[in-house]
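Colleague: Encoded as structure tokens, here's the structure I'll be asking about.
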Amino acid sequence: MIDGERLSADALRRATAARLAAAGVESAGADAAELIAQLLEVEPGRLLLIDDVTAEQRERIEAAVQRRLQRIPLQHITTRAFFAGLALTVGPGVFVPRPETELIVEWAVKQLQRMRQGSATPGPIRVVDLCAGSGALGLAIARLVPETEVISVELSDTAADYLQRNIDELGLAARVRLVRADVSDAATMAPLLADADLVVSNPPYVPAAAEVSPEVAHDPPEAVFSGDTGMDLIRAMAPILAGALRPGTPVAIEHDDTTAQQVCDTLVATRRFAEVVAHDDLAGRPRFVTAVHRAEADPAHRGAVGVGRWDA
């Protein structure tokens with residue numbers, strides 16, 4: 001910052017982006033624009049129209065930039081995360097949704113549209129979002145498919161508070177219901193899953209010894225890590241899903257990019273899932289697995305495992 005000099009918002013954005021990039025922030029340009037725009041109370045695209053940032057505004061911006069230079073997540077500073085067209089309230093104690101997870105939303109919307117086209121009844125389509133966190137998956141699906149009713153299941157009290165706030169702020173309380181529960185508790189989950197038409201989950205899945213970015217280190221550990229292989233919770237969920245879902249119910253589970261085959265094998269081992277498919281993200285990294293609950297157990301202990309595009 002240069003005291004006493006006239007400084008445009010765009011010049012400040014460029015200088016801030018350079019500082020963030022030097023500190024190792026991968027999304028330096030976007031972060032600088034978002035931080036400055038929020039503190040100036042404008043959209044990022046309007047920064048070009050502001051010819052002079054006042055000294056008071058510079059001080060507030062500098063304080064926010066200093067926090068970002070310490071690798072505090074941008075979303076903790078701005079208190080919002082953009083996901084699938086939604087602005088979600090987030091902060092310490094809740095997992096910040098990542099753009100890659102939007103691929104599950106796109107997959108789910110296509111599944112739900114097919115269900116509606118093939119349905120002879122006008123009733124709502126029921127979606128269950130397991131390990132819902134801030135509510136990103138369930139809320140995005142509810143916004144994009146008005147015929148849905150969503151149950152968002154979250155164990156953490158702090159995360160659930162953010163989730164309920166997002167439900168209320170987005171005006172979706174009539175169609176999205178928060179359930180505070182442990183997804184590995186079969187007795188609790190069975191009645192919630194029994195009427196599900198579709199299930200999505202972005203559970204904790206990072207192996208305990210994996211290196212994570214400074215930003216991810218600010219997420220609650222219980223929302224990130226899941227045992228030595230990252231598979232503990234997914235392995236606990238699989239038999240519950242197998243035993244509780246109706247035949248024909250599709251499921252999508254996000255996973256670590258090292259465990260796609262393990263997730264497929266875990267679902268196949270229940271003998272109650274067919275069409276088990278591993279999907280890559282747009283960067284070609286393994287991202288999520290989908291499967292369809294089958295009417296009868298597979299006596300040969302097999303499942304049709306394949307690799308699919310993210311938009312399949």
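Chains: A, B, ... in order of the structure tokens. Residues: from 1 per chain. Ligands: from 1, in order shown.
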Give me the residues within 7 Å of Arg285 of chain A as a list in words, counting only C-alpha atoms and dropping any in the same chain fewer than 3 places off.
Modeller: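 Residues meeting the cut-off are Asp257, Asp280 and Asp281 of chain A.
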Colleague: Each residue of segment 126-197 of chain A with at least one atom at most 6 Å from segment 241-256 of chain A should appear once, together with its nearest atom pair and the corresponding distance in Å (one decimal); atoms considered: only C-alpha atoms; ordering: chain, then increasing residue number; output as JSON lines.
Modeller:
```
{"residue": "A:Ala190", "atom": "CA", "partner": "A:Ala244", "partner_atom": "CA", "distance": 5.1}
{"residue": "A:Leu193", "atom": "CA", "partner": "A:Leu245", "partner_atom": "CA", "distance": 5.7}
{"residue": "A:Ala194", "atom": "CA", "partner": "A:Leu245", "partner_atom": "CA", "distance": 5.3}
{"residue": "A:Asp197", "atom": "CA", "partner": "A:Thr249", "partner_atom": "CA", "distance": 5.4}
```
Colleague: Using DSSP assignments from the backbone, pull out every residue in segment 11-180 of chain A that falls under strand (DSSP E or B) and give it to me as a list in words.
Modeller: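 Filtering segment 11-180 of chain A to strand (DSSP E or B) leaves Arg80, Ala81, Phe82, Phe83, Leu86, Ala87, Leu88, Thr89, Ile125, Arg126, Val127, Val128, Asp129, Leu130, Thr148, Glu149, Val150, Ile151, Ser152, Val153, Glu154, Val176, Arg177, Leu178, Val179 and Arg180 of chain A.
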Colleague: I want to know what sits within 7 Å of Val90 of chain A, based on only C-alpha atoms, with residues of the same chain fewer than 2 positions away left out; could you give that as a list in words?
Modeller: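 Everything that qualifies: Gln75, His76, Thr79, Arg80, Ala81, Leu88, Val94, Val96, Ser134 and Tyr162 of chain A.
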Colleague: Write the selection just made, keeping all heavy atoms, as an mmCIF file, in the first residue's frame?
Modeller:
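Produced file out_23.cif, reproduced below:
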```
data_model
loop_
_atom_site.group_PDB
_atom_site.id
_atom_site.type_symbol
_atom_site.label_atom_id
_atom_site.label_comp_id
_atom_site.auth_asym_id
_atom_site.auth_seq_id
_atom_site.Cartn_x
_atom_site.Cartn_y
_atom_site.Cartn_z
ATOM 1 N N GLN A 75 -12.738 -18.188 1.993
ATOM 2 C CA GLN A 75 -14.138 -18.301 2.406
ATOM 3 C C GLN A 75 -14.325 -18.009 3.891
ATOM 4 O O GLN A 75 -15.400 -17.607 4.308
ATOM 5 C CB GLN A 75 -14.675 -19.697 2.065
ATOM 6 C CG GLN A 75 -14.689 -20.006 0.580
ATOM 7 C CD GLN A 75 -13.352 -20.526 0.059
ATOM 8 O OE1 GLN A 75 -12.359 -20.578 0.795
ATOM 9 N NE2 GLN A 75 -13.325 -20.918 -1.205
ATOM 10 N N HIS A 76 -13.295 -18.226 4.701
ATOM 11 C CA HIS A 76 -13.389 -17.873 6.117
ATOM 12 C C HIS A 76 -13.321 -16.362 6.303
ATOM 13 O O HIS A 76 -13.874 -15.831 7.266
ATOM 14 C CB HIS A 76 -12.266 -18.535 6.908
ATOM 15 C CG HIS A 76 -12.485 -19.990 7.142
ATOM 16 N ND1 HIS A 76 -11.742 -20.723 8.042
ATOM 17 C CD2 HIS A 76 -13.361 -20.872 6.588
ATOM 18 C CE1 HIS A 76 -12.151 -21.983 8.040
ATOM 19 N NE2 HIS A 76 -13.125 -22.093 7.152
ATOM 20 N N THR A 79 -16.690 -15.126 4.529
ATOM 21 C CA THR A 79 -17.823 -15.857 5.141
ATOM 22 C C THR A 79 -18.772 -16.435 4.107
ATOM 23 O O THR A 79 -19.909 -16.772 4.441
ATOM 24 C CB THR A 79 -18.616 -14.990 6.142
ATOM 25 O OG1 THR A 79 -19.374 -13.986 5.443
ATOM 26 C CG2 THR A 79 -17.702 -14.339 7.161
ATOM 27 N N ARG A 80 -18.328 -16.600 2.881
ATOM 28 C CA ARG A 80 -19.210 -17.193 1.880
ATOM 29 C C ARG A 80 -18.408 -18.062 0.912
ATOM 30 O O ARG A 80 -17.238 -17.802 0.636
ATOM 31 C CB ARG A 80 -19.985 -16.122 1.106
ATOM 32 C CG ARG A 80 -19.127 -15.187 0.289
ATOM 33 C CD ARG A 80 -19.983 -14.094 -0.356
ATOM 34 N NE ARG A 80 -19.174 -13.192 -1.159
ATOM 35 C CZ ARG A 80 -19.647 -12.103 -1.756
ATOM 36 N NH1 ARG A 80 -20.935 -11.784 -1.631
ATOM 37 N NH2 ARG A 80 -18.859 -11.322 -2.479
ATOM 38 N N ALA A 81 -19.066 -19.112 0.436
ATOM 39 C CA ALA A 81 -18.476 -19.996 -0.561
ATOM 40 C C ALA A 81 -19.461 -20.118 -1.709
ATOM 41 O O ALA A 81 -20.660 -20.349 -1.496
ATOM 42 C CB ALA A 81 -18.201 -21.372 0.037
ATOM 43 N N LEU A 88 -23.090 -19.753 -0.215
ATOM 44 C CA LEU A 88 -23.312 -20.420 1.061
ATOM 45 C C LEU A 88 -22.530 -19.728 2.161
ATOM 46 O O LEU A 88 -21.376 -19.314 1.957
ATOM 47 C CB LEU A 88 -22.877 -21.880 0.985
ATOM 48 C CG LEU A 88 -23.563 -22.741 -0.075
ATOM 49 C CD1 LEU A 88 -22.865 -24.091 -0.188
ATOM 50 C CD2 LEU A 88 -25.038 -22.927 0.256
ATOM 51 N N VAL A 94 -16.737 -25.684 9.695
ATOM 52 C CA VAL A 94 -17.501 -26.365 8.657
ATOM 53 C C VAL A 94 -16.616 -26.504 7.424
ATOM 54 O O VAL A 94 -15.828 -25.604 7.104
ATOM 55 C CB VAL A 94 -18.810 -25.618 8.306
ATOM 56 C CG1 VAL A 94 -18.537 -24.288 7.633
ATOM 57 C CG2 VAL A 94 -19.704 -26.488 7.422
ATOM 58 N N VAL A 96 -15.370 -26.340 3.771
ATOM 59 C CA VAL A 96 -15.642 -25.428 2.660
ATOM 60 C C VAL A 96 -15.820 -26.249 1.386
ATOM 61 O O VAL A 96 -14.914 -26.985 0.982
ATOM 62 C CB VAL A 96 -14.497 -24.418 2.478
ATOM 63 C CG1 VAL A 96 -14.737 -23.565 1.241
ATOM 64 C CG2 VAL A 96 -14.352 -23.540 3.717
ATOM 65 N N SER A 134 -21.972 -27.910 5.047
ATOM 66 C CA SER A 134 -22.688 -26.644 4.883
ATOM 67 C C SER A 134 -23.997 -26.806 4.119
ATOM 68 O O SER A 134 -24.769 -25.853 3.997
ATOM 69 C CB SER A 134 -21.807 -25.626 4.157
ATOM 70 O OG SER A 134 -21.531 -26.076 2.833
ATOM 71 N N TYR A 162 -24.398 -24.060 10.503
ATOM 72 C CA TYR A 162 -24.197 -23.403 9.208
ATOM 73 C C TYR A 162 -25.211 -23.920 8.189
ATOM 74 O O TYR A 162 -25.768 -23.147 7.396
ATOM 75 C CB TYR A 162 -22.781 -23.661 8.692
ATOM 76 C CG TYR A 162 -21.719 -22.775 9.283
ATOM 77 C CD1 TYR A 162 -20.800 -23.274 10.207
ATOM 78 C CD2 TYR A 162 -21.601 -21.438 8.911
ATOM 79 C CE1 TYR A 162 -19.809 -22.468 10.747
ATOM 80 C CE2 TYR A 162 -20.607 -20.630 9.441
ATOM 81 C CZ TYR A 162 -19.721 -21.142 10.361
ATOM 82 O OH TYR A 162 -18.743 -20.345 10.886
#
```
Colleague: Excluding same-chain residues fewer than 2 positions from Gln262 of chain A, what lies within 12 Å of it counting only C-alpha atoms, as JSON, numbers by chain?
Modeller: {"A": [205, 229, 230, 231, 232, 234, 235, 238, 253, 255, 256, 257, 258, 259, 260, 264, 265, 266, 267, 268, 269, 276, 277, 278, 286, 288, 289, 305]}
Colleague: Quick one: pull the distance between atom CA of Cys131 of chain A and atom CA of Glu154 of chain A, Å, one decimal.
Modeller: 5.0 Å
Colleague: One decimal, Å: what's the distance from atom CA of Leu49 of chain A over to atom CA of Thr16 of chain A, could you say?
Modeller: 17.4 Å
Colleague: So, with only C-alpha atoms as the atoms that count, which of A:Ser8, A:Ser156, A:Gln70, A:Thr89 lies closest to Thr54 of chain A?
Modeller: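 Smallest separation from Thr54 of chain A among the options: A:Ser8.
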Colleague: Fewer than 4 positions away in the same chain doesn't count, so skip those; otherwise give me all residues within 12 Å of Glu222 of chain A, counting only C-alpha atoms, as a list in words.
Modeller: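 Surrounding residues, per the criterion: Gly93, Val94, Phe95, Cys131, Gly133, Glu154, Leu155, Ser156, Thr158, Ala159, Pro203, Pro204, Tyr205, Val206, Pro207, Ala208, Val216, Ala217, His218, Ser226, Gly227, Gly230, Asp232 and Leu233 of chain A.
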Colleague: Can you write out the residues you just picked, keeping C-alpha atoms, as a CSV table (one decimal), in the first residue's frame?
Modeller:
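Dumped everything to selection_6.csv:
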```csv
chain,number,residue,atom,x,y,z
A,93,GLY,CA,-15.9,-25.4,12.0
A,94,VAL,CA,-17.5,-26.4,8.7
A,95,PHE,CA,-16.0,-27.9,5.5
A,131,CYS,CA,-22.3,-35.9,5.5
A,133,GLY,CA,-21.6,-30.1,5.9
A,154,GLU,CA,-24.8,-33.9,9.4
A,155,LEU,CA,-23.3,-35.0,12.7
A,156,SER,CA,-21.3,-31.9,13.7
A,158,THR,CA,-21.2,-26.5,14.3
A,159,ALA,CA,-21.6,-27.6,10.7
A,203,PRO,CA,-17.9,-37.7,3.2
A,204,PRO,CA,-14.5,-37.3,4.9
A,205,TYR,CA,-12.1,-39.4,2.8
A,206,VAL,CA,-8.5,-38.1,3.0
A,207,PRO,CA,-6.0,-40.6,4.3
A,208,ALA,CA,-4.7,-39.6,7.7
A,216,VAL,CA,-7.5,-27.5,3.9
A,217,ALA,CA,-5.7,-27.6,7.3
A,218,HIS,CA,-8.3,-25.0,8.4
A,226,SER,CA,-11.1,-40.9,7.6
A,227,GLY,CA,-8.6,-43.4,8.9
A,230,GLY,CA,-9.4,-42.5,3.9
A,232,ASP,CA,-13.2,-45.8,7.1
A,233,LEU,CA,-16.5,-43.9,6.8
```
Colleague: Give the helix (DSSP H, G or I) residues of segment 40-84 of chain A, as DSSP finds them on the backbone, and put them as a list in words.
Modeller: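 In segment 40-84 of chain A, DSSP puts these residues in helix (DSSP H, G or I): Leu40, Pro44, Gly45, Arg46, Leu47, Leu48, Leu49, Ala55, Glu56, Gln57, Arg58, Glu59, Arg60, Ile61, Glu62, Ala63, Ala64, Val65, Gln66, Arg67, Arg68, Leu69, Leu74, Gln75, His76, Ile77 and Thr78 of chain A.
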Colleague: Show which residues sit within 12 Å of Arg143 of chain A, as a count of residues only. Count only C-alpha atoms, and ignore same-chain residues fewer than 4 positions away.
Modeller: 24
Colleague: Taking only C-alpha atoms into account, which of A:Glu169, A:Asp161, A:Arg114, A:Leu178 comes nearest Val145 of chain A?
Modeller: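 For Val145 of chain A, the nearest of the given residues is A:Arg114.
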Colleague: Could you name the residues that touch Ala28 of chain A at 7 Å or less, counting only C-alpha atoms, but leaving out those on the same chain fewer than 5 positions away, as a PyMOL selection string?
Modeller: chain A and resi 17+20-21
Colleague: I need the residue nearest Ile50 of chain A from this list: A:His279, A:Ile36, A:Ala132, A:Asn166. Use only C-alpha atoms for the distance.
Modeller: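 Among the listed residues, the smallest separation from Ile50 of chain A belongs to A:Ile36.
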Colleague: Please measure the separation of atom CA of Ala140 of chain A and atom CA of Arg177 of chain A, giving the value in Å to one decimal.
Modeller: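 Computing the Euclidean distance for atom CA of Ala140 of chain A and atom CA of Arg177 of chain A yields 13.6 Å.
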Colleague: I need the residue nearest Val212 of chain A from this list: A:Ala37, A:Ala23, A:Ile72, A:Val224. Use only C-alpha atoms for the distance.
Modeller: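 Selected residue with least distance to Val212 of chain A: A:Val224.
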